[in-house]
Structures are given as structure tokens and as C-alpha cells.
There are 2 protein chains.
Amino acid sequence: MIRPRSVAVIGASDDATRIGGRPIAYMTNQGFAGAILPVNPNRATVQGLPAFASVSALTQVPDVAIVAVPGEAAVQAVADLGAKGCRAAIVFTAGFAEVDEAGAAMQDRLVAAARQHGMRILGPNCLGLFNAAVGFYPMFSTSFEQGWPIRGNIGIASQSGAYGTHLFATSRARGLGTTVCVTTGNESDVSLGEVIGWMAQAPEVEVICAYAEGIRESARFTAALDLARRNRKPIVMMKVGRSELGGHAAKSHTASIAGDDAVTDAVLREFGVVRASTTEQMLDIAYAASRRIYPAKNTLGVITVSGGAGVLISDAAESVGLPMPEMPQAAQDKLRSLISFSAPRNPVDCTAQAVNQTEMFEHFLETTAEAGGYESMLVFLTQTGGSTTMAPKLRPYLKQAREKFADRLWVLSVIASADKVKGYEEDGYIVFEDPTRAVNAIAAMGSFGAAFAAAGEREEIVLPEVQLPATTPTEAEGKRILAEAGVPAVPEKACASVEEAVAAAEAFGYPVVAKILSPDILHKSEIGGVILDLADAAAVREAHATLLARAAERAPGARIEGVLIAKQIKGAVEMALGIARDPVFGPVAMVGLGGVFIEILKDVSFRRCPFGEAEAEQMIRSLKGFPLLDGARGRPKADVAALASALAALSRFAAGAGDRLAGVDVNPLLVLPQGQGAFAADAVIGVGDSH
Amino acid sequence: MIRPRSVAVIGASDDATRIGGRPIAYMTNQGFAGAILPVNPNRATVQGLPAFASVSALTQVPDVAIVAVPGEAAVQAVADLGAKGCRAAIVFTAGFAEVDEAGAAMQDRLVAAARQHGMRILGPNCLGLFNAAVGFYPMFSTSFEQGWPIRGNIGIASQSGAYGTHLFATSRARGLGTTVCVTTGNESDVSLGEVIGWMAQAPEVEVICAYAEGIRESARFTAALDLARRNRKPIVMMKVGRSELGGHAAKSHTASIAGDDAVTDAVLREFGVVRASTTEQMLDIAYAASRRIYPAKNTLGVITVSGGAGVLISDAAESVGLPMPEMPQAAQDKLRSLISFSAPRNPVDCTAQAVNQTEMFEHFLETTAEAGGYESMLVFLTQTGGSTTMAPKLRPYLKQAREKFADRLWVLSVIASADKVKGYEEDGYIVFEDPTRAVNAIAAMGSFGAAFAAAGEREEIVLPEVQLPATTPTEAEGKRILAEAGVPAVPEKACASVEEAVAAAEAFGYPVVAKILSPDILHKSEIGGVILDLADAAAVREAHATLLARAAERAPGARIEGVLIAKQIKGAVEMALGIARDPVFGPVAMVGLGGVFIEILKDVSFRRCPFGEAEAEQMIRSLKGFPLLDGARGRPKADVAALASALAALSRFAAGAGDRLAGVDVNPLLVLPQGQGAFAADAVIGVGDSH
């Protein structure tokens with residue numbers, strides 16, 4: 001579909017400005033080497049090419065067909081093409097699932113017609129694609145009026161045609177090479193994930209820009225992200241619809257199922273995809289990535305002619321978490337001996353003197369790169385780098401430094417004419433006018449580098465065999481199931497009588513907690529079904545009576561199985577763990593600190609199930625409230641290892657449990673000081689429809 | 001200094017590339033209408049102008065002098081100029097306070113020499129300034145090699161010379177008009193605040209771009225911000241050094257006192273200054289502001305040819321808090337009747353059809369503006385707006401819509417050639433290629449509008465007469481002082497004996513809290529000096545003994561005055577209020593939620609003292625944890641009015657107390673449900689050196 005030897009155009013037009021005419025005009029203009037086979041019942045030739053009256057009249061089976069005829073005629077064309085033996089169609093036609101129910105039904109017929117013949121469909125309601133490497137332009141965008149794609153190693157994969165070509169046009173205006181662009185429209189068959197997967201193995205593409213409104217096929221999608229990572233092809237993705245407003249617009253725009261944004265975000269992070277929130281950011285990152293240097297342990301060395309800019313750059317680096325280690329003292333002393341006013345700590349402020357005495361500049365550049373050992377180097381020269389008098393003097397030193405330290409990522413921040421910028425780029429520099437944008441792009445290269453380096457490190461995860469009960473279990477049963485799966489519970493006992501309750505409390509030691517025990521009451525605290533701080537047998541007796549009375553009054557129909565007595569744990573950090581079933585990505589685990597952190601601040605971390613202890617610990621450490629587990633406010637450090645073990649075990653349980661597991665809430669999970677463990681104090685397992 | 005009729009150049013050079021030569025060459029080239037008076041003891045003429053052998057040899061008193069001679073010669077030149085009657089000098093010379101102690105001493109002599117004659121100094125160690133309106137170029141930057149400033153209404157005020165000219169050069173590259181640029185260097189006399197104040201009243205400047213590393217003169221600075229706001233001149237400021245790294249670089253770069261960034265941030269917000277974190281952001285905002293439309297109640301209407309871009313724009317608007325109200329249903333129905341595929345909710349997706357049938361485009365534009373009533377309108381046309389075939393057809397409708405709704409802020413997102421962009425700008429549009437940058441700039445215009453509208457609304461604040469004790473008072477005395485000032489305290493009593501303590505507890509009702517009472521123990525909890533939950537007389541007796549024993553053991557030298565008994569309040573939200581003395585801005589009030597919100601999340605709000613209840617409530621509502629006061633998690637709503645009243649009262653107290661007040665900590669302040677008040681449960685007032 002993307003590199004064919006022949007293409008039929010169903011609905012071919014002699015008018016090069018019509019939808020059915022544009023692709024032919026583009027391919028003729030750009031020298032597509034394969035056969036172009038126009039199909040038009042009313043003309044002998046189309047744009048000078050011999051035309052065929054119908055699909056069946058075609059004298060050869062095309063590798064791919066463009067379908068540009070309206071409504072049912074498109075469905076018929078696909079059926080005819082399939083019968084003819086064609087294996088791929090790019091369907092421009094609109095009026096399908098994006099419009100209404102009738103359109104959705106027509107789309108189902110379109111897909112059925114294609115499936116019958118093992119044929120693949122791009123679209124319908126798509127703008128098409130282009131592959132400039134072979135002059136293949138099955139796309140009806142007008143944006144080629146303003147210029148053809150620049151050849152280069154960036155590929156664009158977009159669900160939105162308008163946005164995909166906006167990205168292409170913006171790239172071209174910036175001089176970025178985008179050889180391949182594929183827009184997927186309604187995704188009745190070929191999905192964004194499949195396109196990314198193609199790019200992940202295609203030699204034409206080394207850097208992938210993707211635009212998504214909603215992910216459809218999670219397995220293909222994650223496999224594509226994984227393949228791209230293993231092939232060291234960075235993906236920068238814009239996934240819109242993260243706001244409430246945006247979410248609404250996304251639904252009215254395409255027939256897409258938008259997964260929960262936090263989950264998508266977690267999946268993208270899992271595979272080292274960098275998420276862009278603006279076109280500019282996306283192209284900045286793609287531009288920097290096109291140089292293909294991805295520092296795995298990124299550090300930044302900065303040489304600047306302006307102390308003020310040095311401060312600005314330091315602020316920017318800190319805000320994206322890019323370390324700027326200090327220069328070794330000896331190197332600082334050496335540079336200060338060259339220019340006494342310089343501030344060579346990092347940022348290395350070489351002052352205007354270094355650019356006036358250019359041999360000084362050489363020393364500053366190379367000493368900083370060598371002694372600092374930075375994986376990324378940013379040289380801020382502002383207008384000096386564009387100056388007609390200064391630039392020719394500085395450029396040889398810049399070139400020489402980059403060649404000497406060729407494994408580093410070299411970035412220049414200058415204000416210069418397009419041809420001067422081109423010169424620096426030819427010398428191997430990435431050039432940004434704005435230093436903050438430079439810093440952001442450098443940080444993204446480090447993210448890619450770290451993700452590529454970690455690609456091989458994933459541990460093998462063995463899923464447990466999980467036997468879920470037929471319906472949602474009681475709390476006690478739920479905790480027993482989870483304990484077996486590796487999420488230990490607080491010592492507790494289900495007690496059918498008040499005497500059993502007192503005996504259990506005496507066995508555990510006071511204080512204890514008493515909770516009502518019923519398969520029909522899932523959220524006990526809402527009916528006052530939990531009583532804390534029971535300090536002696538009398539208190540246990542009183543609590544037992546109170547709980548039964550409250551249950552009778554506030555949950556009259558509920559089956560009551562007794563009262564649960566649990567050891568009350570003091571001095572623990574309260575966490576919440578959970579499993580939710582994402583409509584796209586399946587079971588997803590969540591961890592957060594209890595109380596305000598979850599409820600007010602939404603301070604939680606997500607990850608697809610299953611995962612290992614190392615990933616679980618990463619999730620825990622990414623929480624804003626993590627200092628509370630790490631000894632803040634004079635507390636002992638909490639048993640993070642036990643917490644990570646419980647979280648990873650929960651993720652394996654969820655992955656092993658299958659589709660009948662609706663969700664799990666472990667809240668609170670009580671985390672004791674280091675070495676003392678973490679215990680579920682409450683747990684709800686939702687099974688099947690009962691949740 | 002900025003609009004002089006004559007300028008002397010001390011250290012004038014015949015070489016137009018030398019520091020003492022450049023300003024003369026620039027002014028000659030740009031037709032400075034005043035007298036240029038070179039001073040050079042070795043030459044009869046300098047760059048063709050008659051030269052003077054010394055300052056005393058000058059035949060007229062210059063309005064201003066440029067000083068470009070080294071070290072002590074600069075000090076002497078300033079003394080000579082003062083004696084001659086000159087009232088202003090721009091000192092390029094470096095080697096003063098930015099270098100070392102000796103330099104600082106020399107700078108003191110420079111300032112003293114000027115003060116003696118009532119002379120003002122810009123610099124030393126400054127790059128100078130320019131005022132293109134009169135061809136005045138006392139600046140030795142090389143950046144004019146690449147072009148002269150474009151005339152326009154943006155003024156640049158910068159502490160850093162290198163960054164100031166970087167900003168100027170970037171503006172010029174973007175086609176933005178910056179008529180005036182002033183760099184302040186070491187600020188031995190003229191400060192950034194004074195420059196902003198000049199711009200706030202100067203007809204040359206309507207939009208102010210400022211760059212700061214540290215604020216020196218808070219009174220001048222805030223007066224300048226206030227004047228700019230009253231004159232409806234927006235300020236966009238980059239204040240660097242907010243990170244730890246950045247903070248370090250700022251210190252090594254200039255001899256500046258960096259105030260606490262959170263405080264500066266609060267001051268900027270107070271006056272409606274928009275803070276930029278990148279050059280690009282700064283210039284985007286300045287560019288949009290140069291149109292001088294500042295919507296006071298900003299709402300955004302979006303017309304887009306791409307649904308995907310509509311989603312992107314909605315996400316961006318939500319993330320900057322820019323509302324996008326839905327179109328009225330009748331207007332939506334009308335637009336949908338024109339193009340059935342359109343999605344006219346807002347974003348209004350008019351689809352490609354509207355730009356193909358351009359009369360449709362007219363309907364969509366004007367109906368959205370009229371029926372939606374949006375103060376800001378963003379039209380996303382991407383490459384269609386730059387298309388040779390489409391742009392000429394669309395432009396008349398765009399122009400007509402803007403003229404019909406001339407009070408709105410009209411913004412266009414297109415990919416187009418420079419001349420096409422210029423055309424749209426001539427029609428009254430602000431043009432951005434990137435839609436996210438457009439949204440950010442629109443949001444900033446709304447911030448300015450709201451600040452300008454609120455400028456007249458400030459209530460008069462009457463400061464109380466505060467009698468501070470000679471040294472830091474006890475907790476009880478501190479709370480009495482604050483209660484008098486309007487911050488009520490929890491019912492409590494200082495008790496000299498255990499019997500008094502029991503009597504007080506019986507009077508308040510249990511439970512009560514007991515605290516050690518000593519002028520020498522400021523942080524009681526650190527020595528275990530607070531005991532909670534005393535439920536009866538026996539518990540009070542035991543606590544009394546425990547506290548005295550702990551004090552004797554853990555704070556052996558402390559004077560013990562007894563024990564404080566306070567009513568223990570339950571069900572309150574714990575807040576922390578405080579006063580800190582900022583080295584630049586004086587007393588600053590802080591409010592935050594107690595516990596993790598302050599300690600882990602740094603979730604606090606600052607404001608300069610004094611302020612009224614309305615501002616106090618704004619501070620409280622800006623907290624991330626505010627939902628906890630507003631009824632989250634099933635709690636009753638807290639008495640925010642009482643909290644705001646206490647905070648405002650504390651700010652008046654701090655402002656009235658004068659310099660001897662070192663700080664105040666009210667922690668916790670217990671806020672009860674609505675109507676029940678807020679009470680300080682603990683308070684520390686630091687007085688003079690004792691804190």
C-alpha cells in the first residue's frame with residue numbers, strides 16, 4: 001500500500017483539481033515509476049493516461065487502488081477490486097461512521113467486502129498517504145501547491161488528515177524532511193498502530209511523528225511501539241483530547257474510542273514515546289532526533305556568551321530534569337586562568353572576550369566537552385553566531401569540536417540567516433534560535449536514549465493461574481484471594497459471633513478494628529460499617545452490637561455474615577492500590593497515597609498489567625507524595641520494597657484473571673517501616689457483571 | 001538620558017568598531033539630531049566630528065554622557081561631568097561590583113561622585129540603551145550589524161545587556177518593532193524598576209518586555225508596575241533564577257540580590273504582569289499585545305477547518321484556563337443547516353467545504369462572532385490560509401468580519417509566506433503559525449485585560465498601630481497580640497500551677513491540649529512540649545508533670561512560666577499562616593493547608609502585606625488543596641470568610657509593625673465549618689534580633 005508497483009484510481013478525474021484528479025496529477029508530476037491505471041466509465045483517457053471503463057476492465061491487477069467515488073459506489077468498487085485480486089485500497093470517500101448510524105452500517109459493508117477477499121483498507125474518510133521516496137501520492141491534499149515534501153528520515157502517521165498535512169506543511173516550512181506521511185481517517189481496518197509498526201521497520205523512516213485522537217487496537221499499537229523502540233526509532237506523539245473540552249471535540253470529530261488519557265499517557269511512557277503538546281514541540285523533537293544521537297545518560301554542558309542566558313538555560317534544564325553537573329575544579333581553574341572574568345562552572349560563561357579572541361573560544365569549547373564529559377553540549381552564541389564578521393571565525397572551531405567529540409549531541413543557539421544555519425547543520429549541529437526549545441529537545445533525546453537502553457532489560461513475568469469466584473467475593477474472601485496472589489492482608493478473622501470477635505481481638509492484641517461482613521455491602525464506611533481504636537474486650541462487644549444495628553438500619557436487605565476483627569496497625573503510611581479495566585489497554589494498575597493525595601490531588605501513577613517489581617517501584621517513586629514514604633517529616637522510611645512487591649503481584653493477578661475481573665480496590669494498603677511489610681486493610685474485588 | 005538633545009562621549013574612538021567608537025558611528029548613521037561631543041585628549045576630530053581634549057574643555061553642557069574609559073578614569077570622568085553640570089551618564093566600563101570587593105569599592109566612589117552633583121548613572125558594566133525614535137544609540141552592541149531596530153510600540157528593559165540585545169535581535173528577526181531598549185548592568189543607580197516606570201509614561205512605549213535577574217528597589221519597582229497597569233501598558237517579564245541551578249548562575253553573573261522567587265512571582269501576579277519563561281513566549285505575548293486589545297472577560301471562539309486542530313486548541317485553552325463557551329443552540333442549528341457535516345459547538349469545525357464555498361465561510365465567521373459573543377476569535381486555516389488559490393478568496397471575508405467586530409481580538413493560525421502574513425496583519429489580525437502559541441497569547445491578553453479592569457478596584461487599607469514587645473513574646477502573649485490585631489485564638493489560659501490548669505480545662509470542657517509555656521522554647525513540638533487529647537482532670541495532671549519533666553530534661557536553660565491549657569478543637573481544617581520578611585519586598589504573608597500540603601507539596605500562596613479580605617480569599621482559593629476547605633470528601637464547607645479575615649488582619653498587622661517584626665508563624669490556624677470562625681492554636685511572633 002505504501003510502496004506499490006501499480007495503482008488504480010477509481011473515480012479518476014481529468015480535472016487535476018478534483019479529488020479523483022489530484023493524485024494522478026501529483027504522481028505524474030513527481031515521476032511515480034509504477035503503472036497509474038485510471039478507472040472512469042466516461043472517458044478514454046484521463047490526464048493523458050489511457051483509462052479503463054471499470055474495475056473488471058483493468059488489464060492488470062493493481063497493487064493498490066485509490067477509491068474516490070461516493071457512498072455505495074465506494075463499497076461496490078471495493079468488492080470489485082477484491083474480486084479482481086487487488087489487496088489494498090485507499091478510500092477517500094466520506095459519509096461513513098463519522099457521520100451517523102447509516103454511515104456506520106455502510107462502513108461495515110465496506111469492510112466486509114474487503115475482508116471477503118483478504119483486502120486491506122486505509123480509511124474511509126481519509127486524506128490518503130504519500131511516499132516521496134517512490135513518487136507515490138495517493139492523497140488529495142492541496143498542500144502540495146505550496147511545495148513538495150523535502151526528502152528526509154521523518155515519517156508522519158496521523159489519524160487526522162487535516163492535521164497530518166498541517167504537520168507536513170509545517171515541517172516543509174522549517175526545512176524538515178518527511179518522506180512518508182500516512183493518514184488513517186476512520187480506521188475501519190488499518191489503524192494508527194499498524195502504520196507506526198510499518199514505519200518501525202521501513203528503511204524510509206528513522207523518526208516517527210504520530211498524531212492520535214483515540215487508540216483502537218491496543219495489541220498492534222503496543223507491539224508497534226515496542227518494535228520502534230527495539231529498532232531505535234524514536235516516536236514523538238501528539239495525543240489530543242486530554243482536556244474535558246478536547247475530549248468532547250474528539251468525539252464529535254471522529255468515530256473513535258478515546259481511552260482514559262492517564263492510561264494512554266502511562267502506555268506511551270512505558271515504551272519511551274515522548275509526548276508533544278504542540279506542533280512546534282513535536283517538530284523540534286523530530287528535528288533533533290533526525291540527527292540520531294540519543295544520549296542514554298544525558299547530561300548537559302552549556303557554553304554561553306551571556307550570563308543571563310546561562311541562567312535561563314539552567315532554569316529550563318532543571319524544569320525538564322536534565323542534569324547540568326558542575327565542571328571539574330581543575331578545568332574551571334584552567335578556563336579562569338584564560339579569561340579571569342569567565343564563570344566556568346556550567347553554564348560556562350566564556351564572555352564576549354572568548355568570541356573576540358577566537359582561540360580562547362576553542363579552549364572553552366573543547367575543555368568543556370572533554371573535562372565535563374557531557375553527553376549533550378549546548379553552545380549559546382545568539383546574534384554573534386549569525387554575525388557576518390564573527391560567524392566565519394567561530395565556525396571552524398565549532399566544526400572541529402563536534403568532530404573531536406562526535407558521539408556527543410551538539411546543539412547551537414544562534415540568531416542567523418537560513419544559509420548560515422544550514423552551514424552549521426552541515427557541520428553536524430542541531431540549531432535552535434530559542435535556547436529553551438533547544439533544552440527541551442535535548443532532554444527528549446535523553447528520554448529516547450534511556451528508553452532504547454532499557455528496551456532489553458525487561459524481566460520475564462510469569463502470570464499466576466487465577467481462579468475467580470462466580471460473583472464478587474466478601475472482603476475476607478477477597479483478601480484471601482489477594483494474599484494468595486502475593487498481596488498480604490492485615491491479620492484478621494471473620495467472626496460469626498461476638499464471642500469469636502473478642503477471642504480474635506485477644507489473640508491479635510489491642511487495638512483492633514471491627515468491620516461489618518456482608519457480600520452486599522461493598523463500601524462499608526458509607527454506612528458506618530467500620531469502627532476503629534477498639535482498646536479492650538468491652539469496646540469490641542459494644543462495636544459488634546453497633547455494627548449489626550447500623551447494618552440493619554442502613555442496609556436493610558443485605559446478608560450479614562458477621563463481623564471482621566483485624567489488628568489495627570499504627571504508624572503505617574496509607575496507600576491505595578487498584579486495578580481498572582481500560583476499554584483499550586485492558587487491566588491497568590494504579591498506585592497512590594491515601595487520603596488527600598488521591599482524592600484532592602489525583603496524585604496517582606498508572607501502568608498496564610502485568611509488570612515487575614522494578615517498574616512498580618518506578619511508579620511509586622514518581623508520586624508527588626513519595627517523600628512521605630521516604631522519611632519526610634521525621635518518619636521512618638517505609639517498606640517501599642514490600643509495597644512494590646504487592647503492586648507487582650496485584651498486576652500479575654489482574655493480568656492472569658482474565659476478562660471477568662472488573663476491578664480491584666485495595667484501600668488502604670498499610671505500609672510499615674522498612675523490613676516490616678505492607679498489608680491490605682481493605683480490598684474489593686469486582687467480578688463479572690456484579691461490580 | 002533616553003531622549004537627550006546632546007551627548008558627550010568620554011573615551012571617544014575614531015575606530016567605529018571600538019567600544020568608544022560604535023555609539024558615534026551608530027548615531028551618525030541613524031541621524032541623531034542632537035549634538036555629538038566626542039572627548040579624546042589625543043585627537044582633534046573623531047569620526048569626522050570635532051573632538052574635545054577633556055570634559056572641562058566641552059563648550060556646552062551635555063544632557064547625557066557616555067563613559068567608555070577604563071577603571072578609575074571612569075570615576076574621574078563622572079566627577080568631571082558632574083562638576084561641568086551634566087546630569088546623566090551611561091557607564092559602559094566594566095570591572096566594578098560584578099568582579100570583586102575592590103571593584104565594589106570603586107563603584108561606591110563612582111556613585112558618590114555622581115550623587116555629589118545630583119547626577120544619575122546607568123550602569124556601570126552596562127551595554128547602554130537605544131531610542132530609535134530620535135536616532136539615539138549609546139550602545140556598543142554589535143547586533144546592529146545585522147540590522148537596525150524596526151520602529152514599533154514595544155520597549156525592552158533588561159538587566160542583562162547580552163540578553164537585552166538577544167531579545168532585540170530576535171524581535172527584529174520576527175518583524176517586531178522595538179523602538180526603545182535600555183540595559184541596566186550593575187544598577188549602581190538607575191534600576192530596572194525606574195526604567196519600567198519611565199516606559200510606563202513614555203509615548204514611545206505601549207508594551208513593555210522586561211528581563212530581570214534580581215529586583216533591587218522594591219518601592220520604585222512596584223510603583224512602576226502600578227503605573228504601567230493604570231496606563232494600560234502590559235508588561236511581560238522574564239525573571240530568571242527560579243531553579244536552584246539558575247539561582248546559582250545568577251549570583252555568579254551579576255552583583256544582584258535575588259529575592260525569593262515565590263515572592264517575586266506573587267508581586268508580579270499582584271500587578272497583572274505576565275511572566276514568560278522563554279524568549280519565544282515573551283515575544284509572542286508582546287506581539288499580540290502590540291495590537292492593544294485586552295479582553296477583560298476573555299472567552300475564546302474557534303473556527304477551524306480541521307477537527308483535529310479543534311481538539312488540540314481546546315486542550316490548549318483548558319490548560320491555560322481560557323474558557324470556550326458553547327455556541328447557542330439556535331446558532332449551531334443554523335450552521336449545521338448550512339453544512340450538515342460541520343460541528344458548530346465551539347470549536348466550530350466548518351470543514352473544508354466552507355473554504356471551498358467561500359460564502360459559507362462568511363456565515364461561519366460572522367455567526368460565530370455574533371452569536372457566540374466571544375471576546376477573542378481564533379481562526380485556524382493552516383496551509384489553506386497561505387494557499388495561492390484560496391487565500392485571496394478568504395481574505396476579504398476575514399477582513400470584513402474583523403471590521404464588523406472590531407472590539408474583538410482576532411487571531412489567525414495559518415502557514416503562509418511572509419507577505420501573506422503581512423497582509424493579514426494589515427487587516428488587523430494577529431497571526432501565528434502554531435495554534436497552541438496563539439492560544440497562549442490570547443490567554444495572556446485576557447490576563448492583562450482583567451488586571452487593567454481591576455486596577456481601580458483596590459480597597460483602601462488602614463494600618464493598625466502595632467506595639468511590639470521588646471523581645472519575642474511567649475506563645476500566650478503572641479496570641480493575645482494577634483487576637484487584638486484580628487486573628488482570634490483558641491480559648492486558652494496560661495496556668496502557673498497544676499490546679500490552675502485543671503480549673504481551666506474544666507472551664508473550657510474536655511478534651512484539652514497542654515503546652516509548655518516558655519519564652520525560650522519557640523518550637524515546642526520538637527522537645528515534646530505539646531500533649532493532645534487530655535480527656536479528664538487526671539490526664540491534665542499527668543500531662544502537666546510530663547511537660548515540666550521534658551522541659552527540664554530537653555531544654556535545661558529555658559525559663560518555664562507554666563503550662564498553657566487550650567480547648568482542643570475537633571473537625572477543623574488545619575491551616576498555616578505566616579509572615580516572612582523578604583529582603584526586597586518587605587513583609588510577605590503566606591497561607592497554606594497544614595500538614596503534607598505545606599511540607600511535601602509546598603502548596604502555599606504568597607502576597608505582599610498589607611491586603612484586604614478579597615485578596616486574601618483569592619490567595620486561599622488559589623491553593624491546590626482548596627477543595628478541602630470547600631466541602632470535599634463529604635466535609636462541611638469551612639469558614640473561608642473567617643480564614644480570609646484572619647489572613648488580611650495578619651497582613652495589616654505585619655505592615656503596621658515595622659522593621660522590628662522578623663516573622664510570624666500561626667500554625668495551625670483551625671478553621672471550623674461556615675459561620676463558626678477560625679482560631680489560631682499556636683503562634684510565634686519573632687521580634688528584632690531575638691528571632
# chains A, B, ... in the order shown; residues from 1 in each chain; ligands from 1
>>> interface_residues(of="chain A", to="chain B", cutoff="7 Å", atoms="only C-alpha atoms", output="number ranges by chain")
A: 143, 146, 160, 162-163, 166, 169-170, 240-243, 245-246, 249-250, 252-253, 278-280, 306-312, 314-315, 318, 343, 382-383, 387, 415, 434, 436, 600, 625, 627
>>> residues_around(residues="Gly557 of chain B", least_positions_apart="2", cutoff="12 Å", atoms="only C-alpha atoms", output="mmCIF file with C-alpha atoms, in the first residue's frame")
data_model
loop_
_atom_site.group_PDB
_atom_site.id
_atom_site.type_symbol
_atom_site.label_atom_id
_atom_site.label_comp_id
_atom_site.auth_asym_id
_atom_site.auth_seq_id
_atom_site.Cartn_x
_atom_site.Cartn_y
_atom_site.Cartn_z
ATOM 1 C CA SER B 518 8.421 29.429 77.992
ATOM 2 C CA PRO B 519 9.835 32.474 76.203
ATOM 3 C CA ASP B 520 12.902 30.398 75.393
ATOM 4 C CA ILE B 521 11.203 27.466 73.648
ATOM 5 C CA ALA B 551 11.382 20.815 79.550
ATOM 6 C CA ALA B 552 13.826 20.280 82.387
ATOM 7 C CA GLU B 553 15.472 17.454 80.505
ATOM 8 C CA ARG B 554 15.422 18.686 76.910
ATOM 9 C CA ALA B 555 15.659 22.482 77.304
ATOM 10 C CA ARG B 559 12.739 29.849 81.764
ATOM 11 C CA ILE B 560 9.482 27.991 82.406
#
>>> select_by_dssp(residues="segment 199-314 of chain B", states="strand (DSSP E)", output="compact mmCIF listing (two decimals) with C-alpha atoms, in the first residue's frame")
# COMPACT_ATOMS: atom_id res chain seq x y z
CA VAL B 207 4.10 47.30 25.54
CA ILE B 208 6.97 46.52 27.93
CA CYS B 209 9.27 43.48 27.75
CA ALA B 210 11.39 43.22 30.87
CA TYR B 211 14.20 40.86 31.84
CA ALA B 212 15.31 40.61 35.46
CA ILE B 235 4.31 44.09 30.98
CA VAL B 236 5.65 40.69 30.07
CA MET B 237 8.59 39.76 32.21
CA MET B 238 11.21 37.10 32.25
CA LYS B 239 12.60 36.72 35.75
CA VAL B 274 2.54 38.13 32.77
CA ARG B 275 5.62 36.05 33.36
CA LEU B 300 -12.47 32.09 23.05
CA GLY B 301 -14.40 31.24 19.92
CA VAL B 302 -12.61 28.94 17.49
CA ILE B 303 -13.29 28.40 13.82
CA THR B 304 -11.34 25.54 12.34
>>> residues_around(residues="Ser497 of chain B", least_positions_apart="5", cutoff="9 Å", atoms="only C-alpha atoms", output="list in words")
Val502, His544, Gly562 and Val563 of chain B
>>> write_last_selection(atoms="C-alpha atoms", output="compact mmCIF listing (two decimals), in the first residue's frame")
# COMPACT_ATOMS: atom_id res chain seq x y z
CA VAL B 502 -7.21 21.65 85.85
CA HIS B 544 1.43 18.88 83.45
CA GLY B 562 3.96 27.26 83.48
CA VAL B 563 1.67 25.33 81.18
>>> residues_around(residues="segment 585-588 of chain B", least_positions_apart="4", cutoff="7 Å", atoms="only C-alpha atoms", output="ChimeraX atom specification")
/B:218,579-581,606-609,654-655
>>> residues_around(residues="Val540 of chain B", least_positions_apart="5", cutoff="9 Å", atoms="only C-alpha atoms", output="PyMOL selection string")
chain B and resi 498+501-502+505+512-514+534-535+545+565
>>> residues_around(residues="Gly103 of chain A", least_positions_apart="5", cutoff="12 Å", atoms="only C-alpha atoms", output="MDAnalysis selection string")
chainID A and resid 70:72 75 93:98 108:110 124:125 186 188 255
>>> select_by_dssp(residues="segment 121-357 of chain A", states="alpha helix (DSSP H)", output="number ranges by chain")
A: 161-173, 192-201, 218-230, 244-253, 261-270, 279-289, 307-319, 329-338, 351-356
>>> atom_distance(atom1="atom CA of Glu561 of chain B", atom2="atom CA of Ala657 of chain B")
26.1 Å
>>> residues_around(residues="Arg292 of chain A", least_positions_apart="6", cutoff="10 Å", atoms="only C-alpha atoms", output="MDAnalysis selection string")
chainID A and resid 153 206:207 232:234 286 409 445 449
>>> atom_distance(atom1="atom CA of Ala25 of chain A", atom2="atom CA of Cys126 of chain A")
18.6 Å
>>> atom_distance(atom1="atom CA of Asp189 of chain A", atom2="atom CA of Ala228 of chain A")
21.2 Å
